[in-house]
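Peer 1: This is input.txt, which holds compact mmCIF, C-alpha atoms:
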# COMPACT_ATOMS: atom_id res chain seq x y z
CA MET A 112 19.74 6.52 7.61
CA SER A 113 18.75 7.34 4.03
CA THR A 114 15.09 7.79 3.09
CA PHE A 115 15.33 4.73 0.86
CA ALA A 116 16.67 2.53 3.68
CA LEU A 117 14.14 3.91 6.18
CA ALA A 118 11.14 3.28 3.93
CA GLY A 119 12.42 -0.05 2.56
CA GLY A 120 13.23 -1.30 6.08
CA SER A 121 9.76 -0.30 7.29
CA PHE A 122 8.11 -2.15 4.40
CA VAL A 123 10.12 -5.32 5.12
CA ARG A 124 9.20 -5.19 8.83
CA GLU A 125 5.57 -4.68 7.87
CA HIS A 126 5.50 -8.19 6.38
CA LEU A 127 7.84 -10.02 8.72
CA ARG A 128 5.75 -8.90 11.72
CA ALA A 129 2.77 -10.94 10.53
CA ARG A 130 2.95 -14.24 12.44
CA LEU A 131 1.01 -16.10 9.77
CA THR A 132 3.43 -14.90 7.07
CA LEU A 133 6.36 -16.16 9.14
CA ALA A 134 4.65 -19.53 9.60
CA MET A 135 3.95 -19.75 5.86
CA LEU A 136 7.60 -18.96 5.11
CA VAL A 137 8.49 -22.29 6.69
CA LEU A 138 5.37 -24.38 6.03
CA ILE A 139 4.96 -23.73 2.31
CA PRO A 140 8.51 -24.79 1.30
CA VAL A 141 8.19 -27.87 3.52
CA PHE A 142 4.80 -28.70 1.98
CA PHE A 143 6.05 -28.22 -1.58
CA VAL A 144 9.41 -29.97 -1.25
CA VAL A 145 8.35 -32.83 1.02
CA ILE A 146 4.74 -33.57 0.01
CA PHE A 147 4.01 -31.91 -3.34
CA ALA A 148 7.26 -33.10 -4.94
CA SER A 149 6.43 -36.74 -4.19
CA VAL A 150 3.29 -36.65 -6.36
CA LEU A 151 4.56 -34.21 -8.96
CA GLY A 152 6.10 -36.98 -11.07
CA GLN A 153 2.69 -38.63 -11.33
CA PHE A 154 1.09 -35.35 -12.39
CA ALA A 155 3.78 -34.88 -15.04
CA LYS A 156 3.30 -38.43 -16.30
CA ALA A 157 -0.48 -37.92 -16.55
CA LEU A 158 0.07 -34.70 -18.53
CA GLY A 159 2.55 -36.39 -20.86
CA GLY A 160 5.65 -34.80 -19.32
CA THR A 161 8.96 -36.32 -18.28
CA MET A 162 9.55 -34.70 -14.89
CA ALA A 163 10.70 -37.25 -12.31
CA GLY A 164 13.10 -37.96 -9.46
CA GLU A 165 15.38 -35.21 -8.12
CA ALA A 166 14.08 -32.69 -10.63
CA THR A 167 10.66 -32.72 -8.91
CA SER A 168 12.16 -31.88 -5.51
CA ALA A 169 14.27 -29.10 -6.99
CA ILE A 170 11.46 -27.49 -8.94
CA SER A 171 9.11 -27.73 -5.94
CA ALA A 172 11.47 -25.47 -3.98
CA GLY A 173 11.33 -22.95 -6.83
CA TRP A 174 7.56 -23.03 -6.93
CA ALA A 175 7.35 -22.60 -3.16
CA ALA A 176 9.46 -19.45 -3.44
CA ALA A 177 7.41 -18.25 -6.42
CA PHE A 178 4.07 -18.79 -4.69
CA LEU A 179 5.14 -17.01 -1.49
CA CYS A 180 6.73 -14.08 -3.31
CA GLY A 181 3.76 -13.68 -5.66
CA ALA A 182 1.36 -13.56 -2.72
CA LEU A 183 3.58 -11.19 -0.69
CA ALA A 184 4.06 -8.81 -3.63
CA PHE A 185 0.32 -8.80 -4.30
CA PHE A 186 -0.43 -7.89 -0.70
CA GLN A 187 2.38 -5.30 -0.66
CA VAL A 188 0.37 -3.43 -3.28
CA SER A 189 -3.20 -4.22 -2.31
CA SER A 190 -3.05 -3.76 1.47
CA SER A 191 -0.85 -0.66 1.54
CA ARG A 192 -2.13 1.27 -1.47
CA GLY A 193 -3.84 4.05 0.55
CA ALA A 194 -0.99 4.60 2.99
CA ASP A 195 1.65 4.48 0.25
CA ARG A 196 -0.26 7.03 -1.80
CA ARG A 197 -0.62 9.32 1.22
CA LEU A 198 3.12 9.07 1.93
CA ALA A 199 3.94 9.80 -1.71
CA ALA A 200 1.59 12.80 -1.77
CA ALA A 201 3.05 14.07 1.52
CA GLY A 202 6.32 14.66 -0.30
CA LEU A 203 8.20 11.37 -0.63
CA GLY A 204 7.06 10.95 -4.23
CA ALA A 205 5.65 7.88 -5.96
CA LEU A 206 9.02 6.86 -7.42
CA HIS A 207 10.75 6.81 -4.02
CA VAL A 208 7.87 4.81 -2.51
CA ALA A 209 8.02 2.38 -5.45
CA LEU A 210 11.81 1.98 -5.13
CA ALA A 211 11.47 1.29 -1.41
CA ARG A 212 8.73 -1.25 -2.15
CA ILE A 213 10.83 -3.05 -4.79
CA ALA A 214 13.81 -3.14 -2.40
CA ALA A 215 11.56 -4.64 0.28
CA ALA A 216 10.20 -7.18 -2.22
CA ILE A 217 13.74 -8.22 -3.22
CA VAL A 218 14.77 -8.62 0.44
CA LEU A 219 11.66 -10.72 1.10
CA GLY A 220 12.43 -12.71 -2.07
CA ILE A 221 15.94 -13.46 -0.78
CA VAL A 222 14.55 -14.59 2.62
CA VAL A 223 11.88 -16.78 1.00
CA SER A 224 14.40 -18.27 -1.47
CA ALA A 225 16.86 -19.02 1.34
CA VAL A 226 14.19 -20.93 3.28
CA ALA A 227 13.10 -22.86 0.18
CA PHE A 228 16.72 -23.66 -0.74
CA LEU A 229 17.57 -24.86 2.79
CA THR A 230 14.45 -27.05 2.82
CA LEU A 231 15.57 -28.60 -0.47
CA LEU A 232 19.11 -29.07 0.80
CA VAL A 233 17.96 -30.78 4.00
CA ARG A 234 15.36 -32.92 2.24
CA SER A 235 17.30 -34.33 -0.69
CA GLY A 236 20.55 -32.49 -1.20
CA ILE A 237 21.40 -31.06 -4.61
CA ALA A 238 24.19 -31.59 -7.11
CA HIS A 239 24.62 -27.96 -8.14
CA PRO A 240 23.71 -25.94 -5.01
CA ALA A 241 24.85 -22.54 -6.34
CA HIS A 242 22.90 -23.00 -9.59
CA ALA A 243 19.83 -24.17 -7.66
CA ALA A 244 20.01 -21.20 -5.25
CA ALA A 245 20.20 -18.75 -8.16
CA ALA A 246 17.30 -20.45 -9.97
CA ILE A 247 15.10 -20.45 -6.84
CA LEU A 248 15.81 -16.74 -6.36
CA ALA A 249 14.90 -16.17 -10.01
CA PHE A 250 11.55 -17.92 -9.42
CA ALA A 251 10.94 -15.63 -6.44
CA LEU A 252 11.82 -12.41 -8.28
CA VAL A 253 9.79 -13.33 -11.38
CA TYR A 254 6.75 -13.76 -9.12
CA VAL A 255 7.41 -10.40 -7.43
CA GLY A 256 6.54 -9.01 -10.86
CA VAL A 257 3.46 -11.24 -11.24
CA GLY A 258 2.10 -10.42 -7.75
CA ALA A 259 2.75 -6.68 -7.97
CA LEU A 260 1.19 -6.46 -11.44
CA ILE A 261 -1.97 -8.23 -10.27
CA GLY A 262 -2.03 -6.01 -7.16
CA SER A 263 -1.97 -2.87 -9.27
CA LEU A 264 -4.78 -4.11 -11.53
CA VAL A 265 -7.10 -5.80 -9.03
CA ALA A 266 -8.13 -3.97 -5.86
CA GLY A 267 -10.00 -6.74 -4.02
CA PRO A 268 -7.82 -9.02 -1.85
CA LEU A 269 -9.93 -12.12 -2.61
CA GLU A 270 -10.09 -11.59 -6.38
CA GLY A 271 -6.42 -10.66 -6.54
CA SER A 272 -5.15 -13.58 -4.52
CA LEU A 273 -7.29 -15.97 -6.59
CA LEU A 274 -5.75 -14.51 -9.73
CA VAL A 275 -2.24 -15.02 -8.33
CA VAL A 276 -3.14 -18.67 -7.62
CA LEU A 277 -4.58 -19.08 -11.14
CA VAL A 278 -1.46 -17.70 -12.86
CA PHE A 279 0.69 -19.84 -10.57
CA ALA A 280 -1.31 -23.03 -11.26
CA VAL A 281 -1.24 -22.53 -15.03
CA ASP A 282 2.48 -21.76 -14.88
CA VAL A 283 3.23 -24.84 -12.76
CA PHE A 284 1.33 -27.33 -14.85
CA SER A 285 2.49 -25.99 -18.20
CA GLY A 286 6.18 -25.68 -17.25
CA PRO A 287 9.08 -27.53 -18.89
CA SER A 288 8.94 -31.33 -18.52
CA MET A 289 5.41 -31.11 -17.07
CA THR A 290 3.46 -31.59 -20.32
CA SER A 291 4.04 -33.05 -23.75
CA SER A 292 2.36 -30.21 -25.63
CA GLY A 293 3.85 -26.84 -26.53
CA GLY A 294 1.71 -23.82 -27.40
CA VAL A 295 1.16 -20.52 -25.66
CA LEU A 296 0.83 -22.04 -22.18
CA SER A 297 4.38 -23.35 -22.33
CA TYR A 298 5.69 -19.75 -22.16
CA GLY A 299 4.74 -19.12 -18.52
CA PRO A 300 6.61 -16.49 -16.48
CA SER A 301 8.85 -18.99 -14.68
CA ARG A 302 9.75 -21.10 -17.71
CA ASP A 303 13.42 -20.00 -17.92
CA ALA A 304 13.97 -20.32 -14.17
CA ALA A 305 12.38 -23.80 -14.28
CA THR A 306 14.73 -24.95 -17.05
CA LEU A 307 17.71 -23.85 -14.95
CA LEU A 308 16.41 -25.46 -11.76
CA ILE A 309 15.57 -28.78 -13.41
CA ALA A 310 19.10 -28.91 -14.79
CA ALA A 311 20.60 -28.11 -11.37
CA GLY A 312 18.35 -30.72 -9.71
CA THR A 313 19.45 -33.46 -12.06
CA GLY A 314 23.13 -32.62 -11.68
CA HIS A 315 23.65 -30.81 -14.98
CA GLY A 316 25.04 -27.37 -15.58
CA SER A 317 23.24 -24.89 -17.82
CA PRO A 318 24.53 -23.18 -20.96
CA GLY A 319 25.15 -19.43 -20.94
CA GLY A 320 22.05 -18.82 -23.05
CA ASP A 321 19.82 -20.25 -20.31
CA TRP A 322 21.40 -17.95 -17.72
CA LEU A 323 20.90 -14.95 -19.97
CA ALA A 324 17.25 -15.89 -20.49
CA VAL A 325 16.72 -16.13 -16.73
CA ALA A 326 18.46 -12.79 -16.16
CA ALA A 327 16.24 -11.20 -18.81
CA SER A 328 13.03 -12.61 -17.31
CA VAL A 329 14.03 -11.39 -13.83
CA LEU A 330 14.85 -7.94 -15.21
CA VAL A 331 11.51 -7.72 -17.00
CA ALA A 332 9.65 -8.92 -13.87
CA LEU A 333 11.36 -6.37 -11.62
CA THR A 334 10.69 -3.57 -14.13
CA VAL A 335 7.02 -4.58 -14.23
CA ALA A 336 6.95 -4.67 -10.40
CA LEU A 337 8.51 -1.20 -10.18
CA GLY A 338 5.87 0.13 -12.57
CA ALA A 339 3.10 -1.56 -10.57
CA PHE A 340 4.36 -0.14 -7.25
CA TRP A 341 4.64 3.32 -8.86
CA LEU A 342 1.11 3.07 -10.28
CA ALA A 343 -0.25 2.13 -6.84
CA ALA A 344 1.53 5.01 -5.07
CA ARG A 345 1.03 7.82 -7.56
CA SER A 346 -1.60 10.53 -7.21
CA ARG A 347 -4.42 10.52 -9.72
CA ALA A 348 -4.23 14.30 -10.23
CA MET O 239 -14.66 22.15 -9.72
CA ARG O 240 -16.22 19.40 -11.79
CA LYS O 241 -15.84 15.65 -11.41
CA ARG O 242 -17.68 12.63 -12.72
CA PHE O 243 -17.11 8.94 -12.16
CA GLY O 244 -17.74 6.08 -14.60
CA ARG O 245 -19.58 3.00 -13.37
CA GLY O 246 -19.80 -0.41 -15.07
CA VAL O 247 -18.31 -1.59 -18.36
CA TRP O 248 -19.10 -0.63 -21.94
CA PRO O 249 -21.80 -0.70 -23.38
CA TRP O 250 -23.55 -0.44 -20.00
CA ARG O 251 -21.12 2.14 -18.66
CA ARG O 252 -22.81 5.11 -17.01
CA HIS O 253 -21.35 8.32 -15.64
CA VAL O 254 -22.30 9.91 -12.35
CA GLU O 255 -21.57 13.62 -12.05
CA VAL O 256 -20.51 14.16 -8.43
CA LEU O 257 -19.23 17.74 -8.61
CA LYS O 258 -20.94 20.17 -10.99
CA GLY O 259 -19.26 23.44 -10.12
CA ALA O 260 -18.22 23.22 -6.47
CA ASP O 261 -16.19 26.21 -5.34
CA LEU O 262 -14.59 27.09 -2.01
CA GLU O 263 -11.87 29.27 -0.56
CA VAL O 264 -9.86 28.99 2.65
CA ARG O 265 -7.56 31.90 3.49
CA ALA O 266 -4.69 31.93 5.97
CA GLY O 267 -5.98 32.21 9.54
CA GLU O 268 -9.45 30.94 8.69
CA LEU O 269 -11.35 27.96 10.07
CA VAL O 270 -13.83 26.90 7.40
CA GLY O 271 -16.38 24.09 7.38
CA LEU O 272 -17.74 22.01 4.51
CA VAL O 273 -20.92 20.06 5.18
CA GLY O 274 -23.10 17.85 3.03
CA GLU O 275 -25.09 14.66 3.11
CA ASN O 276 -23.42 11.24 2.84
CA GLY O 277 -22.33 10.71 -0.76
CA SER O 278 -22.59 14.39 -1.66
CA GLY O 279 -18.95 14.48 -2.87
CA LYS O 280 -17.19 16.10 0.10
CA SER O 281 -14.34 13.58 0.21
CA THR O 282 -14.04 13.68 -3.59
CA LEU O 283 -13.65 17.46 -3.45
CA MET O 284 -11.09 17.10 -0.67
CA GLN O 285 -9.04 14.53 -2.61
CA ILE O 286 -9.03 16.79 -5.65
CA VAL O 287 -7.76 19.71 -3.55
CA VAL O 288 -5.03 17.50 -2.03
CA GLY O 289 -4.03 16.24 -5.47
CA LEU O 290 -4.90 12.57 -4.93
CA LEU O 291 -7.67 12.63 -7.53
CA ALA O 292 -7.83 14.17 -11.00
CA ARG O 293 -10.52 16.74 -11.73
CA ASP O 294 -12.53 17.02 -14.94
CA GLY O 295 -12.69 20.79 -14.78
CA GLY O 296 -11.85 23.78 -12.64
CA GLU O 297 -8.72 25.08 -10.93
CA VAL O 298 -6.99 24.39 -7.63
CA ASP O 299 -4.66 26.91 -6.03
CA ARG O 300 -2.99 25.34 -3.03
CA PRO O 301 0.06 26.26 -0.95
CA ALA O 302 3.22 24.18 -1.03
CA ARG O 303 2.88 22.99 2.58
CA LEU O 304 -0.37 21.10 2.78
CA GLY O 305 -1.64 18.81 5.54
CA TYR O 306 -4.26 16.16 4.82
CA CYS O 307 -6.12 14.01 7.30
CA PRO O 308 -8.17 11.47 5.28
CA GLN O 309 -11.57 10.20 6.38
CA SER O 310 -10.41 6.62 6.91
CA PRO O 311 -6.91 6.52 8.38
CA MET O 312 -4.45 5.58 5.64
CA LEU O 313 -1.90 3.83 7.84
CA TRP O 314 0.22 0.66 7.80
CA GLU O 315 -1.30 -1.87 10.19
CA LYS O 316 1.98 -3.53 11.20
CA LEU O 317 4.02 -0.36 11.77
CA THR O 318 4.20 1.48 15.08
CA VAL O 319 3.16 5.05 15.85
CA ASP O 320 6.83 6.12 16.01
CA GLU O 321 7.58 4.43 12.68
CA HIS O 322 4.74 6.39 11.07
CA PHE O 323 6.16 9.64 12.45
CA ALA O 324 9.62 8.72 11.12
CA LEU O 325 8.32 8.00 7.60
CA PHE O 326 6.20 11.14 7.36
CA ALA O 327 8.97 13.32 8.85
CA ARG O 328 11.14 12.14 5.97
CA ALA O 329 8.38 12.84 3.44
CA TYR O 330 7.96 16.36 4.86
CA ARG O 331 11.77 16.78 4.82
CA LEU O 332 11.95 17.62 8.53
CA ASP O 333 15.36 17.31 10.18
CA GLU O 334 15.64 14.97 13.15
CA PRO O 335 15.35 17.52 16.01
CA THR O 336 12.38 19.25 14.31
CA ALA O 337 10.65 15.90 13.68
CA GLU O 338 11.22 14.77 17.26
CA HIS O 339 9.94 18.10 18.63
CA ALA O 340 6.85 17.94 16.38
CA SER O 341 5.95 14.34 17.22
CA GLU O 342 6.57 14.86 20.97
CA GLY O 343 4.34 17.93 20.90
CA LEU O 344 1.50 16.20 19.05
CA LEU O 345 1.71 13.04 21.17
CA GLY O 346 1.33 15.26 24.24
CA GLU O 347 -1.31 17.55 22.78
CA LEU O 348 -3.49 14.61 21.66
CA GLN O 349 -2.53 12.56 24.74
CA PHE O 350 -1.46 9.31 23.14
CA ALA O 351 2.28 9.31 23.98
CA ARG O 352 2.00 5.95 25.78
CA TYR O 353 1.07 4.30 22.48
CA ARG O 354 4.11 5.44 20.51
CA GLY O 355 5.60 1.92 20.48
CA TYR O 356 2.30 0.26 19.56
CA ARG O 357 1.48 -1.08 16.13
CA VAL O 358 -1.52 0.49 14.41
CA GLU O 359 -3.35 -2.87 14.44
CA ASP O 360 -3.27 -2.75 18.27
CA LEU O 361 -4.70 0.79 18.54
CA SER O 362 -8.34 1.66 19.18
CA GLY O 363 -10.29 3.51 16.49
CA GLY O 364 -9.95 6.80 18.36
CA THR O 365 -6.19 6.46 18.81
CA ARG O 366 -5.78 5.60 15.13
CA GLN O 367 -7.65 8.79 14.35
CA LYS O 368 -5.31 10.75 16.65
CA LEU O 369 -2.32 9.38 14.72
CA ASN O 370 -4.09 10.15 11.44
CA LEU O 371 -4.53 13.77 12.57
CA ALA O 372 -1.03 14.08 14.03
CA LEU O 373 0.57 12.97 10.73
CA ALA O 374 -1.29 15.75 8.92
CA LEU O 375 -0.10 18.33 11.46
CA MET O 376 3.53 17.44 12.14
CA HIS O 377 5.01 19.77 9.49
CA GLU O 378 2.83 22.76 10.54
CA PRO O 379 1.11 23.10 7.14
CA GLU O 380 -0.09 26.40 5.71
CA LEU O 381 -3.38 24.75 4.79
CA LEU O 382 -4.84 21.85 6.76
CA LEU O 383 -7.57 19.69 5.23
CA LEU O 384 -9.46 17.51 7.68
CA ASP O 385 -11.96 14.95 6.39
CA GLU O 386 -14.31 13.84 9.21
CA PRO O 387 -11.41 14.35 11.65
CA TYR O 388 -13.12 13.60 14.94
CA ALA O 389 -14.81 10.30 14.08
CA GLY O 390 -14.07 7.96 17.00
CA PHE O 391 -12.92 10.69 19.38
CA ASP O 392 -14.22 10.67 22.94
CA TRP O 393 -15.73 13.89 24.31
CA GLU O 394 -12.50 15.17 25.92
CA THR O 395 -10.51 14.61 22.71
CA TYR O 396 -13.29 16.20 20.70
CA VAL O 397 -13.10 19.35 22.86
CA ARG O 398 -9.29 19.31 22.67
CA PHE O 399 -9.51 18.99 18.89
CA TRP O 400 -11.47 22.24 18.61
CA GLU O 401 -9.03 24.00 20.97
CA MET O 402 -6.10 22.78 18.86
CA SER O 403 -7.81 23.96 15.67
CA ALA O 404 -8.52 27.40 17.16
CA ARG O 405 -4.89 27.79 18.30
CA ARG O 406 -3.59 26.95 14.86
CA ARG O 407 -6.11 29.21 13.15
CA ASP O 408 -4.96 32.04 15.42
CA SER O 409 -1.35 31.39 14.45
CA GLY O 410 -2.21 31.80 10.75
CA MET O 411 -2.99 28.30 9.54
CA GLY O 412 -5.91 27.92 7.12
CA ILE O 413 -8.09 24.96 8.12
CA LEU O 414 -10.91 23.25 6.25
CA ILE O 415 -13.03 20.77 8.20
CA VAL O 416 -15.24 18.44 6.21
CA SER O 417 -18.07 16.67 7.99
CA HIS O 418 -21.55 15.37 7.43
CA LEU O 419 -22.37 16.59 10.92
CA LEU O 420 -20.91 19.92 12.03
CA ALA O 421 -22.26 20.89 15.45
CA GLU O 422 -19.68 23.58 16.26
CA ARG O 423 -20.70 26.11 13.61
CA ASP O 424 -20.10 29.06 15.92
CA ARG O 425 -16.38 28.20 16.02
CA LEU O 426 -16.09 28.50 12.23
CA ASP O 427 -15.45 31.58 10.12
CA ARG O 428 -17.54 30.24 7.26
CA VAL O 429 -19.49 27.10 6.39
CA TYR O 430 -20.01 25.77 2.87
CA THR O 431 -22.79 23.33 2.10
CA LEU O 432 -22.24 20.87 -0.74
CA SER O 433 -25.48 19.81 -2.35
CA ASP O 434 -26.22 18.46 -5.83
CA GLY O 435 -22.55 18.93 -6.75
CA ARG O 436 -22.46 22.64 -5.92
CA THR O 437 -21.33 24.59 -2.88
CA SER O 438 -23.12 27.45 -1.21
CA VAL O 439 -22.15 29.54 1.82
CA THR O 440 -24.56 29.10 4.70
Let me see whether you can do it: turn the structure in this file into structure tokens.
Peer 2:
Amino acid sequence: MSTFALAGGSFVREHLRARLTLAMLVLIPVFFVVIFASVLGQFAKALGGTMAGEATSAISAGWAAAFLCGALAFFQVSSSRGADRRLAAAGLGALHVALARIAAAIVLGIVVSAVAFLTLLVRSGIAHPAHAAAAILAFALVYVGVGALIGSLVAGPLEGSLLVVLVFAVDVFSGPSMTSSGGVLSYGPSRDAATLLIAAGTGHGSPGGDWLAVAASVLVALTVALGAFWLAARSRA
Amino acid sequence: MRKRFGRGVWPWRRHVEVLKGADLEVRAGELVGLVGENGSGKSTLMQIVVGLLARDGGEVDRPARLGYCPQSPMLWEKLTVDEHFALFARAYRLDEPTAEHASEGLLGELQFARYRGYRVEDLSGGTRQKLNLALALMHEPELLLLDEPYAGFDWETYVRFWEMSARRRDSGMGILIVSHLLAERDRLDRVYTLSDGRTSVT
């Protein structure tokens, strides 16, 4: 087994062995898609947005994946910083540790997205399942970047997780079709993924430009995450 | 060695000078102690020597094969003892038979072989410390740095720890033991005291 596979596999197991994490993997998508989606239209209406119907169910699955992946990526950095740094200093190197961490985060993102997608499929079905699956995965990977970045900047688990929730909440309630106003807040990290997922949820395809924008935002997020994992694992000497 | 830490944010930021010219040497085949009060900068000095922390001044000359046992075990809570050995064997670039031989030997020497399938979160404080120590030793380093290595050890393990250290010293390993409480001074070749940011041989 290669060093990359050994370390990446260990980091994935580290998270999937937590019973509470496994429970959240199921409960959060169910909560978002079944309960949160039903009141989301009212929120959007109150904020001057146009989100309604199937689009709310679809986007709720994306947000469930985003929330879980943001939290997992944050804790990947914050709870393992010391051990990762020791492993890197022992000879594995900060870059190898960071690459293994990003691989683990992507695997976890795929698992989380699959659960969120299946919940959506069972709950309400979806007109463009392939588009929706890709958009949900994009939500997850964008939040890998958000969670890892916050983890590298904020050491405390309470402060860091609150910050993840704050970014998430601002992003959710300023997303496309959620408000009538534009401004800085309408450029949240998941904006491009949300545009794609709303289109898939309402039975429309998306133009190539939208796909390119999503690909770019995922690439930026994963680059940020790689940098954050490297920062957390590197020696200060 | 010099090191200072910043505290607070500008304009109230203040600097605390922890090391003001600390100096120590550990040669091959020596067992050396470093003592000092809580907060005297022992762990800071150790982290600078290991390369985990940047220094503000001074020089560090360390061998390529270094072993480091940190004060608080830096381990992954959800991974097992064997999984830790596997990861560190890879970091130390040990081939499989060498890694297996090393981990078997240390599990036997420190008497925690029955826990090899246990996750760290299920281990007692003393057994975590045994794993912490074993990970620093598995590649037979030229220089071994131990920061409060026997915290949590029972009496038998404590005695075994000193026997292990003596055996390795006799085989040519340089060992530095950092502690706020060093009762076994007669076992050491030299003891440094760190006080007010400076070391002195006592």
Peer 1: Please find the residues of chain A near chain O - the criterion being any atom within 12 Å, counting all atoms listed in the file - and write them as a PyMOL selection string.
Peer 2: chain A and resi 112-130+187-205+207-208+211+343-348
Peer 1: Just the number, please: distance in Å from CA of Gly364 (chain O) to CA of Ala351 (chain O), one decimal.
Peer 2: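 Taking CA of Gly364 (chain O) and CA of Ala351 (chain O), their separation equals 13.7 Å.
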Peer 1: Kindly extract all protein, DNA and RNA residues lying within 6 Å of the coordinates (-8.3, 26.8, 4.2) given in the file, considering all atoms listed in the file, and supply them as number ranges by chain.
Peer 2: O: 264-265, 381, 412-414
Peer 1: Might you pull out every residue within 6 Å of Arg240 (chain O), with all atoms listed in the file counted and same-chain residues fewer than 2 positions away left off, and present them as a PyMOL selection string?
Peer 2: chain O and resi 257-259+294-295
Peer 1: May I have the residues within 12 Å of region 315-324 of chain A as a ChimeraX atom specification, using only C-alpha atoms and disregarding those fewer than 6 positions away in the same chain?
Peer 2: /A:165-166,237-243,245-246,249,300-309,330-331
Peer 1: At a cut-off of 7 Å from (12.4, -10.5, -10.3) in the coordinates of the file, what residues are picked up using only C-alpha atoms, written as a list in words?
Peer 2: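 Protein and nucleic acid residues near the point are Ala249, Ala251, Leu252, Val253, Tyr254, Val255, Gly256, Val329, Leu330, Ala332 and Leu333 of chain A.
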Peer 1: By how many Å are CA of Ala260 (chain O) and CA of Leu432 (chain O) apart?
Peer 2: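 Pair CA of Ala260 (chain O) / CA of Leu432 (chain O) returns 7.4 Å.
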Peer 1: With only C-alpha atoms as the atoms that count, which of A:Ala311, A:Ala148, A:Ala182, A:Leu131 lies nearest to Ile247 (chain A)?
Peer 2: A:Ala311
